[in-house]
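The next block holds one structure in the form of structure tokens; read it before the comments.
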Amino acid sequence: MSVQERKERERAGRERLIVATARELAEQQGWDAVTTRRLAERIEYSQPVLYSHFRGKREIIGAVALEGSTEMAAALRAATSAADGPRARVTALARAYLDFAARNPAVYDAIFQLDGGLAFAQEDTPEPLKDAFAALLETLGEVAGDHVHPALFTEVFWAALHGLATLGRSGRLPPEDTEQRVELLVDRLATV
């Protein structure tokens, strides 16, 4: 291995450590607790080293969002691949989405609530964000119904899931009715 390859590998390792530490701190104490100073202390690097990887917290949030989008896409695909039939796949997708949001609140916020400097729904949207939407579209597109654009249907269904996730996490919806909400959403929106 060349010196340059070793340096690149070490740099990538530091970036992974910064992102993992930011995620851990955000999940434990919220995003307000994530500062470059605290990250530098936790990973035992100087703040200038952090700034050599990320220009600030916004870019760190963006990196967490990209990583989280990849994980969410994998979780959605795993859930839907185990289901048999369109209705079962849509139900599994909805459950997996809400479960991901509940299990990873700081990551979910990084993807959908916070400014990570990422473009959504544009040509320059990063590939992990496009893939997360594709994971939704793969299942929801097949139940969009006649004369309904699959991507548009996916956006509406996704918006409903996001609303359920956000309202549920904030305690504005009783958790014991989550399964009924999923069934109602599938029954009313998906043509299966």
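Going through the structure tokens in order, the chains are called A, B, and so on, while each chain numbers its residues from 1 and the ligands are numbered from 1 in the order shown.
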Closest contacts (segment 27-118 of chain A/segment 168-173 of chain A, max 10 Å, only C-alpha atoms) as CSV:
residue,atom,partner,partner_atom,distance
A:Leu98,CA,A:Gly168,CA,9.0
A:Ala101,CA,A:Arg169,CA,8.2
A:Ala102,CA,A:Arg169,CA,6.7
A:Pro105,CA,A:Arg169,CA,8.0
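The shortest atom-to-atom distance to Leu17 of chain A, with only C-alpha atoms taken into account, belongs to A:Ile43 out of A:Leu167, A:Tyr97, A:Ile43, A:Leu137.
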- Which of these residues is nearest to Glu127 of chain A, using only C-alpha atoms: A:Ala65, A:Leu39, A:Val156, A:Val19?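 Closest to Glu127 of chain A, using only C-alpha atoms: A:Ala65.
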- Message: Among segment 18-183 of chain A, which ones does DSSP assign to helix (DSSP H, G or I) (computed from the backbone)? Answer as a ChimeraX atom specification.
- Response: /A:18-29,31-33,36-43,47-53,57-81,86-103,105-112,127-143,150-169,175-183
- Query: Nearest to Lys130 of chain A: which of A:Ala92, A:Val143, A:Ala73, A:Ala83 is it, counting only C-alpha atoms?
  - Reply: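 Smallest distance to Lys130 of chain A is found for A:Ala73.
Using only C-alpha atoms for every distance, the candidate list A:Ala190, A:Leu129, A:Ala79, A:Tyr45 yields A:Ala190 as the residue closest to Pro150 of chain A.
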- Message: Between atom CA of Val64 of chain A and atom CA of Asp99 of chain A, what distance in Å does the model show, to one decimal?
- Response: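 Interatomic distance here is 18.0 Å.
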- Using only C-alpha atoms, which of the listed residues (A:Glu179, A:Val34, A:His53, A:Thr166) sits closest to Gln113 of chain A?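 Counting only C-alpha atoms, the residue closest to Gln113 of chain A is A:Thr166.
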- Proximity to Ala82 of chain A - best of A:Ala96, A:Glu59, A:Leu25, A:Ser52, only C-alpha atoms: A:Ala96
